[in-house]
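Written out below as structure tokens is the structure these notes cover.
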Amino acid sequence: MTNLLNILNEHNVAYKTAEPMKAHTTFKIGGEADVFVTVNTVDELTLTVKACRRDGVPFMILGKGSNLLVSDNGIEGAVILLDGDFKEITVDGDTITCGAGVSLSKLCTVALDYGLSGLEFAYGIPGTVGGAVYMNAGAYGGETKDVCIEAQFLTPDGEIGAYAGEALEFSYRHSVFKTNDNIILFAKYKLTPEDKTAIKARMDDFMDRRRTKQPLEYPSAGSVFKRPVGAFAGTLIEQCGLKGKTVGGAQVSEKHAGFIINVGDATCDDVMNLVKFVQDTVKADTGYELECEIIKTGR
């Protein structure tokens, strides 16, 4: 770790030590990261990744922390946040290219400004482009795979490459990036020109639905479980009478049973114990096995 910090200091790469991860996740849960690095360019990211690899320091890339549950014991090694160049957006005709650190809401707003349709489903999803590509984020009948045509990446060895089309291997909550350690740098979207009024109407409709049906007033990591074939996770959980079920500071939302919310200093263990209780109850009562889609990380 000392060598990593020396390199970061030498190249003026910003970092903090013992950084509380609850400040960087939408769940507001998580212990300290050993070192929290903010990179602004591909060169800074490459430098940091190579230094981590050379010194055997584990590392992870962080977006908005919106689908993440961090251990109460924190994260060993380095957490790398993509900033600067990774938050840039360029528009060329009906194509948008943007950094992995761009928020989905910002991307949707830019698409609207240029009269480009196809990203409305993502408006209000509290994540970044990198996270959306990684897990093929989707909502309201739309998915990242419908519009993302290419993603540039950095390999753990510092080489830059790109996947396009079928090579992205998009499927339900899956992309090729779930099968390797490549880091998403930039993504390219192919959209459809349309009247701005129609685009905004759909964006407003989806946002209204989120506000009405989802517990946005509480910290959460979004929808907890993948949609089982032939059913909906939230409906199954509600049918089992689990709305409002609480473990410590974690609660099955009374507004939408597919969400687990932090109602007061919830710990990672609180959430995981509640997840298991829900899974066991739904399995026993309905026969369905719910698969957790939130990514748990840390010690």
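Naming scheme: A, B, ... for chains in displayed order of the structure tokens; residues 1 onward per chain; ligands 1 onward as shown.
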
I want to know what sits within 10 Å of segment 162-178 of chain A, based on only C-alpha atoms, with residues of the same chain fewer than 3 positions away left out; could you give that as a JSON list (two decimals) with N, CA and C atoms, in the first residue's frame?
[["chain", "number", "residue", "atom", "x", "y", "z"],
["A", 132, "ALA", "N", -24.58, 1.15, -15.59],
["A", 132, "ALA", "CA", -25.70, 0.73, -16.45],
["A", 132, "ALA", "C", -25.25, -0.24, -17.52],
["A", 133, "VAL", "N", -24.08, 0.01, -18.12],
["A", 133, "VAL", "CA", -23.55, -0.90, -19.13],
["A", 133, "VAL", "C", -23.16, -2.23, -18.48],
["A", 134, "TYR", "N", -22.52, -2.15, -17.33],
["A", 134, "TYR", "CA", -22.05, -3.35, -16.63],
["A", 134, "TYR", "C", -23.19, -4.33, -16.38],
["A", 135, "MET", "N", -24.33, -3.81, -15.92],
["A", 135, "MET", "CA", -25.43, -4.71, -15.57],
["A", 135, "MET", "C", -26.61, -4.62, -16.52],
["A", 136, "ASN", "N", -26.43, -3.96, -17.67],
["A", 136, "ASN", "CA", -27.53, -3.80, -18.63],
["A", 136, "ASN", "C", -28.77, -3.29, -17.90],
["A", 137, "ALA", "N", -28.61, -2.14, -17.26],
["A", 137, "ALA", "CA", -29.71, -1.56, -16.49],
["A", 137, "ALA", "C", -30.92, -1.32, -17.38],
["A", 138, "GLY", "N", -32.09, -1.49, -16.78],
["A", 138, "GLY", "CA", -33.31, -1.27, -17.54],
["A", 138, "GLY", "C", -34.48, -0.94, -16.64],
["A", 143, "GLU", "N", -34.05, -1.16, -22.00],
["A", 143, "GLU", "CA", -32.79, -1.65, -21.43],
["A", 143, "GLU", "C", -31.62, -0.96, -22.12],
["A", 144, "THR", "N", -30.48, -0.98, -21.43],
["A", 144, "THR", "CA", -29.26, -0.40, -21.99],
["A", 144, "THR", "C", -28.93, -1.04, -23.34],
["A", 145, "LYS", "N", -29.17, -2.33, -23.47],
["A", 145, "LYS", "CA", -28.83, -3.06, -24.70],
["A", 145, "LYS", "C", -29.57, -2.51, -25.92],
["A", 146, "ASP", "N", -30.69, -1.83, -25.70],
["A", 146, "ASP", "CA", -31.48, -1.30, -26.81],
["A", 146, "ASP", "C", -30.79, -0.14, -27.50],
["A", 148, "CYS", "N", -27.16, 1.06, -26.42],
["A", 148, "CYS", "CA", -25.70, 1.08, -26.32],
["A", 148, "CYS", "C", -25.09, 0.22, -27.41],
["A", 149, "ILE", "N", -24.25, 0.82, -28.24],
["A", 149, "ILE", "CA", -23.69, 0.08, -29.37],
["A", 149, "ILE", "C", -22.20, -0.22, -29.21],
["A", 150, "GLU", "N", -21.56, 0.41, -28.25],
["A", 150, "GLU", "CA", -20.12, 0.19, -28.07],
["A", 150, "GLU", "C", -19.70, 0.63, -26.68],
["A", 151, "ALA", "N", -18.70, -0.05, -26.11],
["A", 151, "ALA", "CA", -18.13, 0.36, -24.84],
["A", 151, "ALA", "C", -16.61, 0.17, -24.89],
["A", 152, "GLN", "N", -15.90, 1.23, -24.57],
["A", 152, "GLN", "CA", -14.43, 1.17, -24.52],
["A", 152, "GLN", "C", -14.01, 0.77, -23.11],
["A", 153, "PHE", "N", -12.93, 0.00, -23.03],
["A", 153, "PHE", "CA", -12.51, -0.51, -21.72],
["A", 153, "PHE", "C", -11.00, -0.49, -21.56],
["A", 154, "LEU", "N", -10.59, -0.61, -20.30],
["A", 154, "LEU", "CA", -9.18, -0.76, -19.93],
["A", 154, "LEU", "C", -9.00, -2.12, -19.31],
["A", 181, "ASP", "N", -12.44, -8.79, -16.01],
["A", 181, "ASP", "CA", -12.04, -7.72, -15.09],
["A", 181, "ASP", "C", -11.78, -6.40, -15.82],
["A", 182, "ASN", "N", -12.26, -6.28, -17.05],
["A", 182, "ASN", "CA", -12.04, -5.04, -17.79],
["A", 182, "ASN", "C", -12.86, -3.90, -17.20],
["A", 183, "ILE", "N", -12.30, -2.70, -17.26],
["A", 183, "ILE", "CA", -12.92, -1.52, -16.66],
["A", 183, "ILE", "C", -13.56, -0.67, -17.76],
["A", 184, "ILE", "N", -14.83, -0.38, -17.63],
["A", 184, "ILE", "CA", -15.54, 0.44, -18.62],
["A", 184, "ILE", "C", -15.06, 1.87, -18.53],
["A", 185, "LEU", "N", -14.67, 2.43, -19.68],
["A", 185, "LEU", "CA", -14.17, 3.81, -19.74],
["A", 185, "LEU", "C", -15.22, 4.76, -20.34],
["A", 186, "PHE", "N", -15.70, 4.40, -21.53],
["A", 186, "PHE", "CA", -16.65, 5.24, -22.27],
["A", 186, "PHE", "C", -17.69, 4.34, -22.94],
["A", 187, "ALA", "N", -18.85, 4.90, -23.20],
["A", 187, "ALA", "CA", -19.91, 4.15, -23.89],
["A", 187, "ALA", "C", -20.48, 5.01, -25.01],
["A", 188, "LYS", "N", -20.95, 4.34, -26.04],
["A", 188, "LYS", "CA", -21.54, 5.03, -27.19],
["A", 188, "LYS", "C", -22.98, 4.55, -27.37],
["A", 226, "LYS", "N", -33.65, -9.77, -8.58],
["A", 226, "LYS", "CA", -33.92, -9.91, -10.00],
["A", 226, "LYS", "C", -35.35, -10.40, -10.20],
["A", 227, "ARG", "N", -35.90, -10.09, -11.35],
["A", 227, "ARG", "CA", -37.26, -10.53, -11.65],
["A", 227, "ARG", "C", -37.25, -12.03, -11.95],
["A", 293, "GLU", "N", -29.88, -8.97, -6.69],
["A", 293, "GLU", "CA", -29.14, -8.30, -7.77],
["A", 293, "GLU", "C", -28.22, -7.20, -7.24]]

Which residues, written as a short mmCIF file (atom, residue, chain, number, x, y, z; two decimals) with N, CA and C atoms, in the first residue's frame, have at least one atom at most 12 Å from segment 192-197 of chain A, with only C-alpha atoms counted and residues fewer than 2 positions away on the same chain left out?
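The result, written out as result-v7.cif:
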data_model
loop_
_atom_site.label_atom_id
_atom_site.label_comp_id
_atom_site.auth_asym_id
_atom_site.auth_seq_id
_atom_site.Cartn_x
_atom_site.Cartn_y
_atom_site.Cartn_z
N ASP A 92 -22.84 13.60 -31.58
CA ASP A 92 -22.56 13.67 -33.01
C ASP A 92 -23.75 13.08 -33.77
N GLY A 93 -24.62 13.97 -34.26
CA GLY A 93 -25.82 13.50 -34.94
C GLY A 93 -26.73 12.77 -33.99
N ASP A 94 -27.00 11.49 -34.27
CA ASP A 94 -27.86 10.70 -33.39
C ASP A 94 -27.06 9.80 -32.45
N THR A 95 -25.77 10.08 -32.31
CA THR A 95 -24.90 9.26 -31.47
C THR A 95 -24.35 10.08 -30.31
N ILE A 96 -24.42 9.53 -29.11
CA ILE A 96 -23.85 10.16 -27.92
C ILE A 96 -22.73 9.28 -27.39
N CYS A 108 -29.59 11.46 -19.87
CA CYS A 108 -30.96 11.57 -20.38
C CYS A 108 -31.31 13.03 -20.68
N THR A 109 -30.86 13.93 -19.83
CA THR A 109 -31.14 15.35 -20.02
C THR A 109 -30.46 15.88 -21.28
N VAL A 110 -29.22 15.46 -21.52
CA VAL A 110 -28.50 15.87 -22.72
C VAL A 110 -29.19 15.32 -23.96
N ALA A 111 -29.61 14.06 -23.91
CA ALA A 111 -30.32 13.46 -25.04
C ALA A 111 -31.59 14.27 -25.35
N LEU A 112 -32.30 14.66 -24.31
CA LEU A 112 -33.50 15.48 -24.49
C LEU A 112 -33.15 16.82 -25.16
N ASP A 113 -32.07 17.45 -24.71
CA ASP A 113 -31.66 18.75 -25.26
C ASP A 113 -31.41 18.67 -26.76
N TYR A 114 -30.95 17.50 -27.22
CA TYR A 114 -30.64 17.31 -28.64
C TYR A 114 -31.78 16.63 -29.39
N GLY A 115 -32.90 16.42 -28.73
CA GLY A 115 -34.04 15.78 -29.39
C GLY A 115 -33.76 14.35 -29.79
N LEU A 116 -33.11 13.59 -28.89
CA LEU A 116 -32.76 12.20 -29.19
C LEU A 116 -33.48 11.27 -28.21
N SER A 117 -34.21 10.32 -28.76
CA SER A 117 -35.03 9.39 -27.96
C SER A 117 -34.38 8.01 -27.85
N GLY A 118 -34.72 7.33 -26.76
CA GLY A 118 -34.24 5.97 -26.55
C GLY A 118 -33.74 5.74 -25.14
N LEU A 119 -33.44 6.83 -24.43
CA LEU A 119 -32.90 6.72 -23.08
C LEU A 119 -33.91 7.10 -22.00
N GLU A 120 -35.14 7.38 -22.39
CA GLU A 120 -36.13 7.84 -21.42
C GLU A 120 -36.28 6.89 -20.24
N ASP A 146 -30.69 -1.83 -25.70
CA ASP A 146 -31.48 -1.30 -26.81
C ASP A 146 -30.79 -0.14 -27.50
N VAL A 147 -29.90 0.55 -26.79
CA VAL A 147 -29.32 1.78 -27.32
C VAL A 147 -27.80 1.85 -27.28
N TYR A 189 -23.88 5.52 -27.55
CA TYR A 189 -25.31 5.23 -27.68
C TYR A 189 -25.82 5.71 -29.04
N LYS A 190 -26.61 4.86 -29.69
CA LYS A 190 -27.27 5.20 -30.94
C LYS A 190 -28.74 5.47 -30.63
N ILE A 199 -40.45 13.36 -26.02
CA ILE A 199 -39.40 12.76 -25.19
C ILE A 199 -39.58 13.18 -23.74
N LYS A 200 -39.78 14.48 -23.52
CA LYS A 200 -39.92 14.98 -22.16
C LYS A 200 -41.16 14.42 -21.49
N ALA A 201 -42.22 14.24 -22.24
CA ALA A 201 -43.45 13.69 -21.67
C ALA A 201 -43.21 12.28 -21.13
N ARG A 202 -42.45 11.47 -21.86
CA ARG A 202 -42.14 10.11 -21.38
C ARG A 202 -41.22 10.16 -20.17
N MET A 203 -40.22 11.04 -20.19
CA MET A 203 -39.33 11.17 -19.05
C MET A 203 -40.10 11.57 -17.81
N ASP A 204 -40.98 12.55 -17.94
CA ASP A 204 -41.77 13.01 -16.80
C ASP A 204 -42.70 11.91 -16.29
#

Can you check which residues of segment 3-231 of chain A DSSP gives as helix (DSSP H, G or I) on the backbone and send them as a ChimeraX atom specification? /A:3-10,21-23,42-55,84-87,104-113,120-122,129-135,144-146,165-168,176-179,196-213

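Within the 7 Å cut-off around Gly244 of chain A, using only C-alpha atoms and omitting residues fewer than 6 positions from it on the same chain, the listed residues are Gln251, Val252, Ser253 and Glu254 of chain A.
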
Filtered DSSP result for segment 231-287 of chain A, state strand (DSSP E), as number ranges by chain: A: 246-247, 250-252, 259-262

Pick out the residues sitting within 12 Å of Ala233 of chain A, and hand them over as a PyMOL selection string; count only C-alpha atoms, and ignore anything fewer than 6 positions along from it in its own chain. chain A and resi 223-227+239-240+242+256-259+278-279+282-283+286+288-293

Would you write out those residues with C-alpha atoms, as a CSV table (one decimal), in the first residue's frame?
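Generated file (result-v6.csv):
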chain,number,residue,atom,x,y,z
A,223,SER,CA,-34.6,-3.0,-6.5
A,224,VAL,CA,-33.1,-5.8,-4.4
A,225,PHE,CA,-34.0,-8.9,-6.4
A,226,LYS,CA,-33.9,-9.9,-10.0
A,227,ARG,CA,-37.3,-10.5,-11.6
A,239,GLN,CA,-48.1,-11.7,-1.1
A,240,CYS,CA,-46.0,-13.2,1.7
A,242,LEU,CA,-43.4,-9.0,4.3
A,256,HIS,CA,-42.7,-1.1,-2.8
A,257,ALA,CA,-41.9,-4.5,-1.4
A,258,GLY,CA,-39.1,-5.0,-4.0
A,259,PHE,CA,-37.0,-2.4,-2.1
A,278,VAL,CA,-37.2,-12.6,2.5
A,279,GLN,CA,-35.7,-15.3,0.3
A,282,VAL,CA,-40.8,-16.5,-0.4
A,283,LYS,CA,-39.3,-19.8,-1.2
A,286,THR,CA,-44.5,-19.6,-3.1
A,288,TYR,CA,-39.9,-19.0,-6.1
A,289,GLU,CA,-36.2,-18.5,-5.5
A,290,LEU,CA,-35.3,-14.8,-5.4
A,291,GLU,CA,-31.9,-13.9,-6.6
A,292,CYS,CA,-30.3,-10.8,-5.1
A,293,GLU,CA,-29.1,-8.3,-7.8

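Candidate residues A:Thr179, A:Ser220, A:Asn73, A:Thr212 were compared for distance to Asp269 of chain A, and the nearest is A:Asn73, using only C-alpha atoms.
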
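Closest approach to Asp285 of chain A among A:Ile160, A:Leu236, A:Ala14, A:Val247 is made by A:Leu236 (distances from only C-alpha atoms).
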
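Between Glu88 of chain A and the candidates A:Asn40, A:Leu62, A:Asn262, A:Arg53, the tightest atom-to-atom separation, counting only C-alpha atoms, involves A:Asn40.
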
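Residue neighbourhood of Lys22 of chain A, excluding near-sequence residues (fewer than 5 positions): Phe27, Lys28, Ile29, Gly30, Gly31, Glu32, Ala33, Lys64, Gly65, Ser66, Leu68, Leu69, Val70, Ser71, Asp72, Asn73, Gly74, Ile75, Pro219, Ser220, Ala221, Asn262, Asp265, Ala266, Thr267 and Cys268 of chain A, at 12 Å, using only C-alpha atoms.
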
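Distance annotation: of A:Gly101, A:Lys213, A:Val271, A:Phe232, the residue with the minimal separation from Thr246 of chain A is A:Val271; atom set is only C-alpha atoms.
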
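Of note, atom CA of Val129 of chain A and atom CA of Lys87 of chain A are spaced 9.4 Å apart.
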
Which of these residues is nearest to Gly222 of chain A, using only C-alpha atoms: A:Thr25, A:Asn9, A:Asn180, A:Ser103? A:Thr25
